[in-house]
Amino acid sequence: MSLNTFAPRASFLQPKDLPQLSKNASVIVIGAGAFGGWTALSLLRKGLHVTLIDAWGPGNSRSSSGDETRVIRSTYGANEFYFDLNVRALQLWKENEKRWGKKLFLNTGVLWFCYEEKTPLVDDSIPFTAKHSMPYTYLTSDELKRRFPQINTNDIHHAYLDSYGGYLKARESCQAVNEAFIKEGGKYIQSFVTPGKIQSGIQQEVFLSDGSSRQADVYLFACGSWLGQLFPEELANKITCTKQEVYYFGVPKDQSRVYDSLPVWVDVDGSDFYYGIPGNTERGFKIGVDRRGENFDPTHGDRTYNPDVLAHARAFISHRFPGLKNAPLLESRVCPYENSPDGNFIFEKHPDAGNIIFLGGGSGHGFKHGPALGEWVGDVLV
């Protein structure tokens, strides 16, 4: 959940030279995470023949789309494009969870802790909230304290409550999308993929780890942190992977309901941007570190926490939530961020192959946009 304010690139808003697919075209999508899974489903629903391939399966522990939960929020400062994209995504999340009979979106709201009178990251989104009839509630420090007494508000100037946001069930969502894809006629294969040779501006095939190969009219690579490794010449300097740590702390036994009922929260301190997702299926009080971590190998990287990063997070949580000062650490996770240079999503063709498409650059904020991004990619290609 990256909190930088990004400006969409012109090439993202107006993609050029991408293949135009007929209804009976065949597509292989590599990567069953938030981007690949939703795009595969979108293309399938448009009548294409779609094969979805993933090395370890949808929502696996190595992926950027793994773990239990992800924040869904529209706030992007003055960036209206991502605000609008999230509004559409929210509609699609609700429509599909109803279609599948699965609860995937939890409308707990999102609290933004603002240190200064002016906080552009939030303030500049206010006109868009009015446009979409999704107003935020302004809370003074005293009002915040009255409503949520477990929060230390001494250094908070004010807060905004976005009552339309909340969190998504991440791993379960990826699996639900994959189940729907298969049920609706898509073909899913669990295998590692190696790109094939490019001849006369076209990739002929991809190779699977069982030694077989697959052919299609178009190959869409949406494999997150692995994009830079699969295409080192084209993407090694465009996609970098960092180690982002997530912790689950145990709440006091006599106040578990109080802490579990808190909204999602974001601390806009201008540096660490800690965020939290309390209470999901009693897993504990989740806190995530959004400040970019060390470089990380998504395949071989060890998923254990850095003691210094944990100590810093403990100091913060002891300050912001005094009742959790000595809270035990129940679990820790690593969320690999697949960062693009400017934080924007990447949607473009391979420079030397007209039938290879890159879709990535989630940069820590992409998960929530999955259904809307997949829909938009499908509209562009078909």
# chains A, B, ... in the order shown; residues from 1 in each chain; ligands from 1
>>> select_by_dssp(residues="segment 171-313 of chain A", states="alpha helix (DSSP H)", output="ChimeraX atom specification")
/A:171-183,227-230,232-235,256-260,307-313
>>> write_last_selection(atoms="N, CA and C atoms", output="mmCIF file, in the first residue's frame")
data_model
loop_
_atom_site.group_PDB
_atom_site.id
_atom_site.type_symbol
_atom_site.label_atom_id
_atom_site.label_comp_id
_atom_site.auth_asym_id
_atom_site.auth_seq_id
_atom_site.Cartn_x
_atom_site.Cartn_y
_atom_site.Cartn_z
ATOM 1 N N ARG A 171 -5.306 -13.247 -0.045
ATOM 2 C CA ARG A 171 -5.078 -14.620 -0.513
ATOM 3 C C ARG A 171 -6.387 -15.260 -0.982
ATOM 4 N N GLU A 172 -7.452 -15.111 -0.194
ATOM 5 C CA GLU A 172 -8.738 -15.702 -0.552
ATOM 6 C C GLU A 172 -9.284 -15.114 -1.843
ATOM 7 N N SER A 173 -9.032 -13.811 -2.068
ATOM 8 C CA SER A 173 -9.513 -13.165 -3.283
ATOM 9 C C SER A 173 -8.849 -13.756 -4.517
ATOM 10 N N CYS A 174 -7.525 -13.911 -4.454
ATOM 11 C CA CYS A 174 -6.808 -14.484 -5.598
ATOM 12 C C CYS A 174 -7.317 -15.887 -5.915
ATOM 13 N N GLN A 175 -7.567 -16.653 -4.890
ATOM 14 C CA GLN A 175 -8.065 -18.014 -5.093
ATOM 15 C C GLN A 175 -9.492 -18.007 -5.636
ATOM 16 N N ALA A 176 -10.308 -17.038 -5.173
ATOM 17 C CA ALA A 176 -11.684 -16.938 -5.667
ATOM 18 C C ALA A 176 -11.708 -16.552 -7.141
ATOM 19 N N VAL A 177 -10.838 -15.637 -7.538
ATOM 20 C CA VAL A 177 -10.748 -15.236 -8.948
ATOM 21 C C VAL A 177 -10.332 -16.432 -9.803
ATOM 22 N N ASN A 178 -9.368 -17.193 -9.325
ATOM 23 C CA ASN A 178 -8.898 -18.357 -10.083
ATOM 24 C C ASN A 178 -9.988 -19.420 -10.201
ATOM 25 N N GLU A 179 -10.717 -19.636 -9.123
ATOM 26 C CA GLU A 179 -11.816 -20.605 -9.153
ATOM 27 C C GLU A 179 -12.878 -20.182 -10.166
ATOM 28 N N ALA A 180 -13.197 -18.877 -10.188
ATOM 29 C CA ALA A 180 -14.180 -18.374 -11.145
ATOM 30 C C ALA A 180 -13.664 -18.515 -12.575
ATOM 31 N N PHE A 181 -12.381 -18.233 -12.768
ATOM 32 C CA PHE A 181 -11.766 -18.347 -14.093
ATOM 33 C C PHE A 181 -11.905 -19.769 -14.632
ATOM 34 N N ILE A 182 -11.614 -20.753 -13.794
ATOM 35 C CA ILE A 182 -11.708 -22.160 -14.207
ATOM 36 C C ILE A 182 -13.166 -22.549 -14.454
ATOM 37 N N LYS A 183 -14.033 -22.121 -13.544
ATOM 38 C CA LYS A 183 -15.455 -22.472 -13.654
ATOM 39 C C LYS A 183 -16.079 -21.895 -14.914
ATOM 40 N N LEU A 227 9.043 -10.066 -12.865
ATOM 41 C CA LEU A 227 9.141 -9.474 -14.202
ATOM 42 C C LEU A 227 10.572 -9.075 -14.550
ATOM 43 N N GLY A 228 11.249 -8.443 -13.600
ATOM 44 C CA GLY A 228 12.614 -8.007 -13.840
ATOM 45 C C GLY A 228 13.585 -9.154 -14.032
ATOM 46 N N GLN A 229 13.282 -10.303 -13.412
ATOM 47 C CA GLN A 229 14.147 -11.472 -13.553
ATOM 48 C C GLN A 229 13.905 -12.191 -14.879
ATOM 49 N N LEU A 230 12.660 -12.234 -15.339
ATOM 50 C CA LEU A 230 12.351 -12.900 -16.597
ATOM 51 C C LEU A 230 12.805 -12.080 -17.806
ATOM 52 N N PRO A 232 15.437 -9.360 -17.941
ATOM 53 C CA PRO A 232 16.461 -8.502 -17.333
ATOM 54 C C PRO A 232 16.891 -7.334 -18.211
ATOM 55 N N GLU A 233 16.971 -7.536 -19.528
ATOM 56 C CA GLU A 233 17.410 -6.450 -20.398
ATOM 57 C C GLU A 233 16.357 -5.352 -20.488
ATOM 58 N N GLU A 234 15.092 -5.743 -20.491
ATOM 59 C CA GLU A 234 14.022 -4.779 -20.683
ATOM 60 C C GLU A 234 13.518 -4.164 -19.371
ATOM 61 N N LEU A 235 13.532 -4.946 -18.277
ATOM 62 C CA LEU A 235 12.838 -4.507 -17.069
ATOM 63 C C LEU A 235 13.665 -4.502 -15.788
ATOM 64 N N SER A 256 -9.980 -7.205 23.437
ATOM 65 C CA SER A 256 -9.815 -7.707 22.071
ATOM 66 C C SER A 256 -10.878 -7.134 21.136
ATOM 67 N N ARG A 257 -12.100 -7.055 21.591
ATOM 68 C CA ARG A 257 -13.175 -6.537 20.751
ATOM 69 C C ARG A 257 -12.950 -5.060 20.414
ATOM 70 N N VAL A 258 -12.429 -4.319 21.382
ATOM 71 C CA VAL A 258 -12.176 -2.888 21.175
ATOM 72 C C VAL A 258 -11.158 -2.680 20.063
ATOM 73 N N TYR A 259 -10.055 -3.423 20.108
ATOM 74 C CA TYR A 259 -9.022 -3.263 19.088
ATOM 75 C C TYR A 259 -9.444 -3.865 17.749
ATOM 76 N N ASP A 260 -10.133 -4.994 17.785
ATOM 77 C CA ASP A 260 -10.530 -5.645 16.533
ATOM 78 C C ASP A 260 -11.552 -4.824 15.753
ATOM 79 N N PRO A 307 15.345 -7.593 12.810
ATOM 80 C CA PRO A 307 15.139 -7.131 14.194
ATOM 81 C C PRO A 307 15.099 -5.608 14.336
ATOM 82 N N ASP A 308 15.882 -4.894 13.541
ATOM 83 C CA ASP A 308 15.893 -3.441 13.633
ATOM 84 C C ASP A 308 14.582 -2.844 13.118
ATOM 85 N N VAL A 309 14.064 -3.414 12.050
ATOM 86 C CA VAL A 309 12.796 -2.928 11.499
ATOM 87 C C VAL A 309 11.661 -3.209 12.485
ATOM 88 N N LEU A 310 11.681 -4.395 13.085
ATOM 89 C CA LEU A 310 10.667 -4.732 14.089
ATOM 90 C C LEU A 310 10.760 -3.807 15.293
ATOM 91 N N ALA A 311 11.957 -3.519 15.767
ATOM 92 C CA ALA A 311 12.126 -2.639 16.925
ATOM 93 C C ALA A 311 11.569 -1.252 16.641
ATOM 94 N N HIS A 312 11.796 -0.763 15.447
ATOM 95 C CA HIS A 312 11.272 0.548 15.056
ATOM 96 C C HIS A 312 9.751 0.518 15.028
ATOM 97 N N ALA A 313 9.189 -0.564 14.500
ATOM 98 C CA ALA A 313 7.732 -0.701 14.448
ATOM 99 C C ALA A 313 7.137 -0.812 15.850
#
>>> residues_around(residues="Ser318 of chain A", least_positions_apart="2", cutoff="12 Å", atoms="only C-alpha atoms", output="PyMOL selection string")
chain A and resi 150-152+249+287+311-316+320-328
>>> write_last_selection(atoms="N, CA and C atoms", output="mmCIF file, in the first residue's frame")
data_model
loop_
_atom_site.group_PDB
_atom_site.id
_atom_site.type_symbol
_atom_site.label_atom_id
_atom_site.label_comp_id
_atom_site.auth_asym_id
_atom_site.auth_seq_id
_atom_site.Cartn_x
_atom_site.Cartn_y
_atom_site.Cartn_z
ATOM 1 N N GLN A 150 -8.313 4.358 22.398
ATOM 2 C CA GLN A 150 -7.090 3.547 22.422
ATOM 3 C C GLN A 150 -5.970 4.164 21.585
ATOM 4 N N ILE A 151 -6.277 5.243 20.857
ATOM 5 C CA ILE A 151 -5.292 5.911 20.004
ATOM 6 C C ILE A 151 -4.707 7.120 20.731
ATOM 7 N N ASN A 152 -3.382 7.217 20.755
ATOM 8 C CA ASN A 152 -2.718 8.404 21.289
ATOM 9 C C ASN A 152 -2.754 9.495 20.220
ATOM 10 N N PHE A 249 0.341 -8.421 16.005
ATOM 11 C CA PHE A 249 0.518 -8.361 17.449
ATOM 12 C C PHE A 249 -0.745 -8.838 18.170
ATOM 13 N N ILE A 287 0.145 -4.606 11.537
ATOM 14 C CA ILE A 287 0.798 -3.345 11.219
ATOM 15 C C ILE A 287 1.797 -3.592 10.096
ATOM 16 N N ALA A 311 11.957 -3.519 15.767
ATOM 17 C CA ALA A 311 12.126 -2.639 16.925
ATOM 18 C C ALA A 311 11.569 -1.252 16.641
ATOM 19 N N HIS A 312 11.796 -0.763 15.447
ATOM 20 C CA HIS A 312 11.272 0.548 15.056
ATOM 21 C C HIS A 312 9.751 0.518 15.028
ATOM 22 N N ALA A 313 9.189 -0.564 14.500
ATOM 23 C CA ALA A 313 7.732 -0.701 14.448
ATOM 24 C C ALA A 313 7.137 -0.812 15.850
ATOM 25 N N ARG A 314 7.819 -1.531 16.730
ATOM 26 C CA ARG A 314 7.348 -1.645 18.119
ATOM 27 C C ARG A 314 7.327 -0.275 18.798
ATOM 28 N N ALA A 315 8.365 0.524 18.551
ATOM 29 C CA ALA A 315 8.409 1.861 19.150
ATOM 30 C C ALA A 315 7.233 2.701 18.671
ATOM 31 N N PHE A 316 6.919 2.577 17.386
ATOM 32 C CA PHE A 316 5.782 3.335 16.860
ATOM 33 C C PHE A 316 4.471 2.872 17.477
ATOM 34 N N ARG A 320 1.688 5.106 19.365
ATOM 35 C CA ARG A 320 0.370 5.406 18.802
ATOM 36 C C ARG A 320 -0.749 4.643 19.497
ATOM 37 N N PHE A 321 -0.469 3.430 19.941
ATOM 38 C CA PHE A 321 -1.463 2.607 20.638
ATOM 39 C C PHE A 321 -0.853 2.150 21.967
ATOM 40 N N PRO A 322 -0.862 2.998 22.982
ATOM 41 C CA PRO A 322 -0.173 2.700 24.251
ATOM 42 C C PRO A 322 -0.573 1.376 24.885
ATOM 43 N N GLY A 323 -1.813 0.958 24.664
ATOM 44 C CA GLY A 323 -2.272 -0.303 25.240
ATOM 45 C C GLY A 323 -1.593 -1.514 24.648
ATOM 46 N N LEU A 324 -0.861 -1.332 23.542
ATOM 47 C CA LEU A 324 -0.161 -2.438 22.884
ATOM 48 C C LEU A 324 1.344 -2.372 23.105
ATOM 49 N N LYS A 325 1.775 -1.587 24.079
ATOM 50 C CA LYS A 325 3.203 -1.385 24.313
ATOM 51 C C LYS A 325 3.964 -2.694 24.473
ATOM 52 N N ASN A 326 3.423 -3.629 25.206
ATOM 53 C CA ASN A 326 4.109 -4.906 25.440
ATOM 54 C C ASN A 326 3.407 -6.069 24.730
ATOM 55 N N ALA A 327 2.700 -5.737 23.664
ATOM 56 C CA ALA A 327 1.955 -6.776 22.942
ATOM 57 C C ALA A 327 2.897 -7.817 22.358
ATOM 58 N N PRO A 328 2.568 -9.086 22.480
ATOM 59 C CA PRO A 328 3.432 -10.134 21.911
ATOM 60 C C PRO A 328 3.302 -10.182 20.395
#
>>> atom_distance(atom1="atom CA of Gln215 of chain A", atom2="atom CA of Gly360 of chain A")
21.9 Å
>>> residues_around(residues="Phe296 of chain A", least_positions_apart="4", cutoff="12 Å", atoms="only C-alpha atoms", output="list in words")
Arg62, Ser225, Trp226, Gln229, Ile239, Thr240, Cys241, Thr242, Lys243, Gln244, Glu245, Arg292, His300, Gly301, Asp302, Arg303, Thr304, Val334, Cys335, Pro336, Tyr337, Glu338 and Asn339 of chain A
>>> residues_around(residues="Ala222 of chain A", least_positions_apart="2", cutoff="9 Å", atoms="only C-alpha atoms", output="NGL selection string")
:A and (29-37 or 39 or 220 or 224 or 226-227 or 357-360)
>>> write_last_selection(atoms="C-alpha atoms", output="PDB file, in the first residue's frame")
ATOM      1  CA  VAL A  29      -1.372 -14.869 -18.961  1.00  0.00           C
ATOM      2  CA  ILE A  30       1.620 -15.535 -16.733  1.00  0.00           C
ATOM      3  CA  GLY A  31       0.940 -14.742 -13.072  1.00  0.00           C
ATOM      4  CA  ALA A  32      -2.277 -15.419 -11.109  1.00  0.00           C
ATOM      5  CA  GLY A  33      -2.001 -12.514  -8.681  1.00  0.00           C
ATOM      6  CA  ALA A  34      -4.185  -9.424  -8.514  1.00  0.00           C
ATOM      7  CA  PHE A  35      -3.189  -8.148 -11.951  1.00  0.00           C
ATOM      8  CA  GLY A  36      -2.883 -11.410 -13.861  1.00  0.00           C
ATOM      9  CA  GLY A  37      -5.865 -13.199 -12.352  1.00  0.00           C
ATOM     10  CA  THR A  39      -6.989  -9.684 -16.420  1.00  0.00           C
ATOM     11  CA  LEU A 220       0.755 -11.211 -21.137  1.00  0.00           C
ATOM     12  CA  GLY A 224       4.922  -9.159 -10.244  1.00  0.00           C
ATOM     13  CA  TRP A 226       9.599 -11.737 -11.164  1.00  0.00           C
ATOM     14  CA  LEU A 227       9.141  -9.474 -14.202  1.00  0.00           C
ATOM     15  CA  ILE A 357       2.743  -7.463 -23.049  1.00  0.00           C
ATOM     16  CA  PHE A 358       4.047  -6.371 -19.657  1.00  0.00           C
ATOM     17  CA  LEU A 359       1.571  -5.640 -16.875  1.00  0.00           C
ATOM     18  CA  GLY A 360       3.068  -4.821 -13.489  1.00  0.00           C
TER      19      GLY A 360
END
>>> closest_atom_pairs(of="segment 167-229 of chain A", to="segment 102-107 of chain A", cutoff="6 Å", atoms="only C-alpha atoms", output="Markdown table")
| residue | atom | partner | partner_atom | distance |
| --- | --- | --- | --- | --- |
| A:Tyr167 | CA | A:Leu106 | CA | 5.4 |
| A:Leu168 | CA | A:Phe105 | CA | 4.6 |
| A:Lys169 | CA | A:Leu104 | CA | 5.2 |
>>> residues_around(residues="segment 365-372 of chain A", least_positions_apart="4", cutoff="7 Å", atoms="only C-alpha atoms", output="mmCIF file with N, CA and C atoms, in the first residue's frame")
data_model
loop_
_atom_site.group_PDB
_atom_site.id
_atom_site.type_symbol
_atom_site.label_atom_id
_atom_site.label_comp_id
_atom_site.auth_asym_id
_atom_site.auth_seq_id
_atom_site.Cartn_x
_atom_site.Cartn_y
_atom_site.Cartn_z
ATOM 1 N N MET A 1 0.840 -1.188 0.000
ATOM 2 C CA MET A 1 0.000 0.000 0.000
ATOM 3 C C MET A 1 0.871 1.231 0.000
ATOM 4 N N SER A 2 1.436 1.573 -1.120
ATOM 5 C CA SER A 2 2.312 2.732 -1.171
ATOM 6 C C SER A 2 1.515 4.017 -1.060
ATOM 7 N N ALA A 34 -3.104 -10.390 -8.350
ATOM 8 C CA ALA A 34 -4.185 -9.424 -8.514
ATOM 9 C C ALA A 34 -4.288 -8.911 -9.942
ATOM 10 N N PHE A 35 -3.159 -8.663 -10.588
ATOM 11 C CA PHE A 35 -3.189 -8.148 -11.951
ATOM 12 C C PHE A 35 -3.483 -9.257 -12.964
ATOM 13 N N TRP A 38 -7.172 -11.175 -12.479
ATOM 14 C CA TRP A 38 -8.325 -10.368 -12.913
ATOM 15 C C TRP A 38 -8.284 -10.110 -14.415
ATOM 16 N N SER A 65 0.696 -10.632 -3.898
ATOM 17 C CA SER A 65 -0.744 -10.716 -3.651
ATOM 18 C C SER A 65 -1.085 -11.705 -2.546
ATOM 19 N N ILE A 72 -8.024 -1.192 0.991
ATOM 20 C CA ILE A 72 -8.646 -0.589 -0.191
ATOM 21 C C ILE A 72 -9.062 0.817 0.187
ATOM 22 N N LEU A 85 -10.061 4.937 -10.680
ATOM 23 C CA LEU A 85 -9.825 3.509 -10.888
ATOM 24 C C LEU A 85 -10.261 2.709 -9.662
ATOM 25 N N ASN A 86 -9.986 3.257 -8.477
ATOM 26 C CA ASN A 86 -10.371 2.549 -7.261
ATOM 27 C C ASN A 86 -11.883 2.539 -7.060
ATOM 28 N N ARG A 88 -14.118 2.396 -9.392
ATOM 29 C CA ARG A 88 -14.614 1.320 -10.249
ATOM 30 C C ARG A 88 -14.249 -0.042 -9.668
ATOM 31 N N ALA A 89 -13.045 -0.171 -9.147
ATOM 32 C CA ALA A 89 -12.631 -1.434 -8.541
ATOM 33 C C ALA A 89 -13.549 -1.811 -7.385
ATOM 34 N N LEU A 92 -16.642 -3.336 -8.643
ATOM 35 C CA LEU A 92 -16.434 -4.691 -9.154
ATOM 36 C C LEU A 92 -16.167 -5.690 -8.041
ATOM 37 N N TRP A 93 -15.463 -5.270 -6.987
ATOM 38 C CA TRP A 93 -15.270 -6.159 -5.842
ATOM 39 C C TRP A 93 -16.629 -6.576 -5.275
ATOM 40 N N TRP A 376 -10.025 -2.809 -17.607
ATOM 41 C CA TRP A 376 -9.506 -1.789 -18.501
ATOM 42 C C TRP A 376 -8.527 -2.379 -19.518
#
>>> residues_around(residues="Glu143 of chain A", least_positions_apart="4", cutoff="10 Å", atoms="only C-alpha atoms", output="mmCIF file with C-alpha atoms, in the first residue's frame")
data_model
loop_
_atom_site.group_PDB
_atom_site.id
_atom_site.type_symbol
_atom_site.label_atom_id
_atom_site.label_comp_id
_atom_site.auth_asym_id
_atom_site.auth_seq_id
_atom_site.Cartn_x
_atom_site.Cartn_y
_atom_site.Cartn_z
ATOM 1 C CA TYR A 138 -12.997 15.425 9.382
ATOM 2 C CA LEU A 139 -12.131 14.621 13.013
ATOM 3 C CA ARG A 147 -14.311 8.045 19.304
ATOM 4 C CA PHE A 148 -11.175 5.905 19.544
ATOM 5 C CA PRO A 149 -9.697 6.272 23.064
ATOM 6 C CA THR A 153 -3.624 11.653 19.507
ATOM 7 C CA HIS A 158 -6.612 15.919 12.863
ATOM 8 C CA ALA A 159 -7.841 12.799 11.119
#
>>> select_by_dssp(residues="segment 246-284 of chain A", states="strand (DSSP E)", output="PyMOL selection string")
chain A and resi 246-249+264-268+275-278
>>> write_last_selection(atoms="C-alpha atoms", output="compact mmCIF listing (two decimals), in the first residue's frame")
# COMPACT_ATOMS: atom_id res chain seq x y z
CA VAL A 246 4.22 -7.03 8.24
CA TYR A 247 3.57 -7.92 11.88
CA TYR A 248 0.62 -9.34 13.78
CA PHE A 249 0.52 -8.36 17.45
CA VAL A 264 -8.05 0.41 8.94
CA TRP A 265 -5.63 3.25 9.76
CA VAL A 266 -2.79 5.06 8.02
CA ASP A 267 -0.20 7.21 9.81
CA VAL A 268 0.77 10.03 7.44
CA TYR A 275 -0.59 1.34 8.34
CA GLY A 276 -2.74 -1.17 10.15
CA ILE A 277 -5.56 -3.65 9.51
CA PRO A 278 -7.06 -4.68 12.85
>>> closest_atom_pairs(of="segment 214-324 of chain A", to="segment 49-52 of chain A", cutoff="10 Å", atoms="only C-alpha atoms", output="JSON lines")
{"residue": "A:Arg214", "atom": "CA", "partner": "A:Thr51", "partner_atom": "CA", "distance": 9.4}
{"residue": "A:Ala216", "atom": "CA", "partner": "A:Thr51", "partner_atom": "CA", "distance": 8.9}
{"residue": "A:Asp217", "atom": "CA", "partner": "A:His49", "partner_atom": "CA", "distance": 9.8}
{"residue": "A:Val218", "atom": "CA", "partner": "A:Val50", "partner_atom": "CA", "distance": 9.8}
{"residue": "A:Tyr219", "atom": "CA", "partner": "A:Thr51", "partner_atom": "CA", "distance": 9.7}
{"residue": "A:Leu220", "atom": "CA", "partner": "A:Leu52", "partner_atom": "CA", "distance": 9.6}
>>> write_last_selection(atoms="C-alpha atoms", output="JSON list (two decimals), in the first residue's frame")
[["chain", "number", "residue", "atom", "x", "y", "z"],
["A", 214, "ARG", "CA", 2.63, -23.54, -25.05],
["A", 216, "ALA", "CA", -0.71, -18.34, -28.13],
["A", 217, "ASP", "CA", -1.40, -15.24, -30.17],
["A", 218, "VAL", "CA", -0.44, -13.00, -27.24],
["A", 219, "TYR", "CA", 1.58, -13.52, -24.04],
["A", 220, "LEU", "CA", 0.76, -11.21, -21.14]]
>>> residues_around(residues="Gln203 of chain A", least_positions_apart="2", cutoff="12 Å", atoms="only C-alpha atoms", output="VMD selection string")
chain A and resid 28 194 to 201 205 to 207 214 to 220 349 to 357
>>> closest_residue(among="A:Thr75, A:Arg70, A:Gly47, A:Asp162", to="Asp124 of chain A", atoms="only C-alpha atoms")
A:Thr75
>>> atom_distance(atom1="atom CA of Ser125 of chain A", atom2="atom CA of Tyr274 of chain A")
19.9 Å
>>> atom_distance(atom1="atom CA of Ser26 of chain A", atom2="atom CA of Leu381 of chain A")
12.0 Å
